[in-house]
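Asker: Here's a structure for you.
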Amino acid sequence: MAREYSPLEKIRLEKIESLRARGIEPYPTRARRTHTSREAIQAFEAVEARGEETKVEVTLAGRLRAVRPMGKITFAHIEDGDGRVQLFFRANDLGEEKLKFFNRDFDLGDFIQAEGYMFRTRAGEVTLWVQDFRMLAKAITPLPAAKDEVVDGEVISHAVLSDPETRFRQRYADLAVNPEVRDIFRRRAAILRALREFLDARGFLEVETPILQPIYGGAAAKPFITHHNQLKQDLYLRISFELYLKRLLVGNLERVYEIGRDFRNEGVSFKHNPEFTQLEFYWAYADYEQVMALTEEMLAYVADRVLGKRTFTYQGQEISLEPPWKRIELRQGLLDATGIDIQQHPTAESLAEAMRAAGIEPKPGAARGKLIDALISTYLEPRLIQPTFLYNYPRDISPLAKSLPGDPQTVERFEGFIGGMELCNAFTELNDPLDQEARFLEMGRDYDVEDEERHPMDEDYLRAMRYGMPPNGGFGMGIDRLTMLLTDKHSIREVILFPHLRSREEE
């Protein structure tokens with residue numbers, strides 16, 4: 001069905017027809033730009049500071065964000081990837097017809113190329129004195145809404161978008177009109193650069209592992225299933241990189257990491273998206289204590305590089321990433337928070353009974369691991385505002401972690417929490433293939449087929465382990481959540497360019 005255009009869109013379509021009828025292409029093949037807005041302003045200020053009379057001649061390009069006609073002159077503002085700059089059009093320079101052409105045929109949202117020289121207005125704003133201009137792209141759909149802003153003592157209007165639903169569904173419009181949103185994703189890119197710098201400098205090798213996997217594993221999550229027609233084979237979108245990265249340790253790649261997408265067929269919330277970005281690394285001959293220390297060092301480094309400091313505010317809380325982080329043994333933490341000693345309740349039935357006795361209603365039929373996770377997420381996680389490691393987890397919720405010496409029911413695992421949410425997860429990795437096979441079998445028995453905690457048997461992974469896997473420490477961290485923390489955003493949708501949303505009919 002053909003789209004129905006709004007009255008404003010129809011006016012702009014008529015302008016396109018009129019332009020072409022006059023031999024003006026509204027979408028020319030070539031564009032020219034000598035400076036970004038910031039570069040042009042800096043070049044002028046440098047000449048000005050030296051007291052020189054030299055004209056700074058530039059050609060700029062960007063999106064029209066504001067237009068203010070004033071008789072035989074017009075002021076406008078354009079925005080590019082570097083910022084915003086004012087343009088000054090004068091009939092005496094351009095001719096009345098050309099100025100009329102600008103005022104009549106250009107609209108907010110259009111892309112324009114303008115050339116001339118930089119000067120400073122009486123109000124003190126560095127501005128381009130336009131000698132010539134051309135259209136680069138006509139915007140048919142007007143940018144959303146408008147708000148007033150005072151510029152050079154005059155009230156002008158420009159586009160703004162604030163409705164969250166519209167912002168997430170039309171991220172392109174959100175980015176076009178909200179510079180602070182663009183800043184979020186610049187900071188996200190800076191976070192990724194800093195993580196790579198840190199790991200590369202410490203001898204870690206960045207690798208890529210399969211996204212389509214014949215057997216999913218490495219985490220407790222329900223996968224997305226797809227089908228390869230030629231091979232007549234069901235495949236899974238990966239839920240973790242873990243089992244493939246650890247195969248590389250068998251092949252003597254001793255320090256490896258990957259930053260990429262994982263996919264989990266789970267609920268959507270302020271901190272969950274079905275498609276998300278994760279960092280995982282595996283470090284031969286290290287244990288979870290060494291990984292804890294590296295985590296503290298890595299997050300402090302990222303803050304230094306991205307923020308220029310190790311403190312930041314998240315949802316009104318002042319947080320410091322200065323090492324060392326607080327450490328709480330999981331068993332003691334839950335005992336303090338709920339009065340329940342999980343070690344005294346080795347079965348799901350016993351733990352559920354203890355929860356009911358403490359006034360906590362357990363989920364009917366839930367496995368012991370899920371009950372423990374529920375206690376953590378309800379009674380511990382929200383309290384952990386400053387960076388904190390919870391460590392030493394029950395074996396039955398950590399099938400890939402090595403047991404604590406002398407305590408086969410507890411494993412060397414930690415999770416890192418900041419701002420009341422889980423940020424990272426790490427183990428001293430299990431490298432005994434016989435123990436690993438027994439745990440896969442155990443997980444298959446204890447969980448229903450549809451249970452997301454069920455961990456399928458991966459015979460090829462066990463084969464790799466049987467060749468010999470060095471002792472190692474492994475680590476996983478959500479990049480989206482780290483970005484939430486360092487941009488002070490409460491919703492994961494704010495830090496993913498195109499978050500998953502329920503489908504709806506477009507109006």
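Labels used: A, B, ... for chains in the order of the structure tokens, numbers from 1 for residues in each chain, and numbers from 1 for ligands as shown.
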What's the 10 Å shell around Leu94 in chain A, counting only C-alpha atoms, without same-chain residues fewer than 5 positions away, as a list in words?
Answerer: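 Using only C-alpha atoms, the neighbours found are Phe89, Leu99, Lys100, Val130, Gln131, Asp132 and Phe133 of chain A.
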Asker: Give me every helix (DSSP H, G or I) residue in range 338-395 of chain A, going by DSSP on the backbone, as a VMD selection string.
Answerer: chain A and resid 338 342 to 344 348 to 357 368 to 383 395
Asker: Leaving out range 279-288 of chain A and any residue of its chain fewer than 4 positions from it, which residues lie within 10 Å of it when counting only C-alpha atoms, given as a ChimeraX atom specification?
Answerer: /A:192,195-196,199,203-207,240-242,245-246,248-250,252-262,292-294,391-392,401-402,412-414,424-429,469-479
Asker: Which is closest to Gly416 in chain A among A:Thr295, A:Ser403, A:Asn178, A:Gln343, if we use only C-alpha atoms?
Answerer: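 Distance minimum relative to Gly416 in chain A lands on A:Thr295.
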Asker: So what do you get for CA of Ile78 in chain A versus CA of Arg65 in chain A, distance-wise?
Answerer: 5.4 Å
Asker: My list of candidates is A:Val85, A:Leu486, A:Met421, A:Ala76. Which is closest to Lys271 in chain A when distances are computed with only C-alpha atoms?
Answerer: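 Looking only at the distances to Lys271 in chain A, the closest residue turns out to be A:Met421.
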Asker: Hey, what does DSSP flag as strand (DSSP E) within range 43-102 of chain A? Can you give it to me as a PyMOL selection string?
Answerer: chain A and resi 57-70+73-80+83-90
Asker: The selected residues should be written to file as a compact mmCIF listing (two decimals), in the first residue's frame (atoms: C-alpha atoms).
Answerer:
```txt
# COMPACT_ATOMS: atom_id res chain seq x y z
CA GLU A 57 37.63 30.65 3.53
CA VAL A 58 35.72 27.42 4.03
CA THR A 59 33.04 25.22 2.52
CA LEU A 60 30.71 23.67 5.10
CA ALA A 61 27.98 21.06 4.86
CA GLY A 62 25.29 20.03 7.30
CA ARG A 63 21.62 19.81 8.21
CA LEU A 64 19.58 22.99 8.61
CA ARG A 65 18.47 23.26 12.23
CA ALA A 66 17.24 26.86 12.38
CA VAL A 67 16.37 29.61 9.90
CA ARG A 68 15.65 33.26 10.71
CA PRO A 69 14.83 35.57 7.75
CA MET A 70 15.18 39.31 8.43
CA ILE A 73 19.48 39.12 5.37
CA THR A 74 18.89 35.65 6.82
CA PHE A 75 20.57 33.86 9.69
CA ALA A 76 20.57 30.07 9.84
CA HIS A 77 22.23 27.31 11.81
CA ILE A 78 23.50 24.04 10.42
CA GLU A 79 24.60 20.98 12.34
CA ASP A 80 27.16 18.37 11.34
CA GLY A 83 28.58 20.52 16.20
CA ARG A 84 26.68 23.57 15.07
CA VAL A 85 27.62 26.78 13.27
CA GLN A 86 25.74 29.89 12.18
CA LEU A 87 25.37 30.93 8.53
CA PHE A 88 24.80 34.54 7.39
CA PHE A 89 23.11 35.18 4.03
CA ARG A 90 22.92 38.71 2.54
```
Asker: Near Trp325 in chain A, counting only C-alpha atoms, which residues have an atom at most 10 Å away, once you skip same-chain residues fewer than 3 positions from it, shown as a list in words?
Answerer: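 Here the answer would be Met292, Ala293, Thr295, Glu296, Ser320, Leu321, Glu322, Ile328, Gln386, Pro387, Thr388, Phe389, Gly416 and Phe417 of chain A.
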Asker: Would you output that residue set with N, CA and C atoms, as a PDB file, in the first residue's frame?
Answerer:
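The new file again33.pdb reads:
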```
ATOM      1  N   MET A 292      39.644 -11.072  39.255  1.00  0.00           N
ATOM      2  CA  MET A 292      39.076  -9.965  40.038  1.00  0.00           C
ATOM      3  C   MET A 292      39.989  -8.745  39.983  1.00  0.00           C
ATOM      4  N   ALA A 293      41.275  -8.982  40.216  1.00  0.00           N
ATOM      5  CA  ALA A 293      42.230  -7.869  40.217  1.00  0.00           C
ATOM      6  C   ALA A 293      42.300  -7.215  38.843  1.00  0.00           C
ATOM      7  N   THR A 295      39.908  -7.156  36.616  1.00  0.00           N
ATOM      8  CA  THR A 295      38.642  -6.454  36.408  1.00  0.00           C
ATOM      9  C   THR A 295      38.681  -5.066  37.023  1.00  0.00           C
ATOM     10  N   GLU A 296      39.151  -4.976  38.252  1.00  0.00           N
ATOM     11  CA  GLU A 296      39.271  -3.672  38.912  1.00  0.00           C
ATOM     12  C   GLU A 296      40.167  -2.734  38.110  1.00  0.00           C
ATOM     13  N   SER A 320      32.538   5.227  42.791  1.00  0.00           N
ATOM     14  CA  SER A 320      33.980   5.273  42.550  1.00  0.00           C
ATOM     15  C   SER A 320      34.467   3.927  42.046  1.00  0.00           C
ATOM     16  N   LEU A 321      35.245   3.949  40.962  1.00  0.00           N
ATOM     17  CA  LEU A 321      35.842   2.733  40.417  1.00  0.00           C
ATOM     18  C   LEU A 321      37.280   2.544  40.882  1.00  0.00           C
ATOM     19  N   GLU A 322      37.675   3.267  41.884  1.00  0.00           N
ATOM     20  CA  GLU A 322      39.027   3.133  42.412  1.00  0.00           C
ATOM     21  C   GLU A 322      39.184   1.765  43.074  1.00  0.00           C
ATOM     22  N   ILE A 328      32.211  -9.670  49.007  1.00  0.00           N
ATOM     23  CA  ILE A 328      31.260 -10.315  49.908  1.00  0.00           C
ATOM     24  C   ILE A 328      31.100 -11.762  49.477  1.00  0.00           C
ATOM     25  N   GLN A 386      28.001   0.610  45.249  1.00  0.00           N
ATOM     26  CA  GLN A 386      29.431   0.737  44.986  1.00  0.00           C
ATOM     27  C   GLN A 386      29.960  -0.585  44.411  1.00  0.00           C
ATOM     28  N   PRO A 387      31.011  -0.536  43.587  1.00  0.00           N
ATOM     29  CA  PRO A 387      31.529  -1.765  42.973  1.00  0.00           C
ATOM     30  C   PRO A 387      31.800  -2.853  44.006  1.00  0.00           C
ATOM     31  N   THR A 388      31.195  -4.013  43.783  1.00  0.00           N
ATOM     32  CA  THR A 388      31.255  -5.116  44.748  1.00  0.00           C
ATOM     33  C   THR A 388      31.369  -6.439  44.012  1.00  0.00           C
ATOM     34  N   PHE A 389      32.216  -7.320  44.526  1.00  0.00           N
ATOM     35  CA  PHE A 389      32.298  -8.688  44.033  1.00  0.00           C
ATOM     36  C   PHE A 389      31.549  -9.613  45.005  1.00  0.00           C
ATOM     37  N   GLY A 416      30.339  -9.263  39.473  1.00  0.00           N
ATOM     38  CA  GLY A 416      30.596  -7.877  39.844  1.00  0.00           C
ATOM     39  C   GLY A 416      29.322  -7.057  39.717  1.00  0.00           C
ATOM     40  N   PHE A 417      29.041  -6.247  40.724  1.00  0.00           N
ATOM     41  CA  PHE A 417      27.835  -5.417  40.745  1.00  0.00           C
ATOM     42  C   PHE A 417      28.214  -3.952  40.916  1.00  0.00           C
TER      43      PHE A 417
END
```
Asker: Can you tell me how far CA of Val291 in chain A sits from CA of Thr313 in chain A, in Å to one decimal?
Answerer: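 Between these atoms lies a distance of 25.6 Å.
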Asker: Using only C-alpha atoms, which protein or nucleic acid residues come within 10 Å of Leu434 in chain A? Drop anything in the same chain fewer than 4 positions from it, and give the result as a count of residues only.
Answerer: 5
Asker: Which neighbours of Leu136 in chain A fall inside 7 Å, counting only C-alpha atoms, when residues of the same chain fewer than 3 positions from it are skipped, and could you give them as a list of chain:residue names?
Answerer: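 Here the answer would be A:Pro26, A:Tyr27, A:Pro28, A:Ala31, A:Phe111, A:Ile112, A:Gln113.
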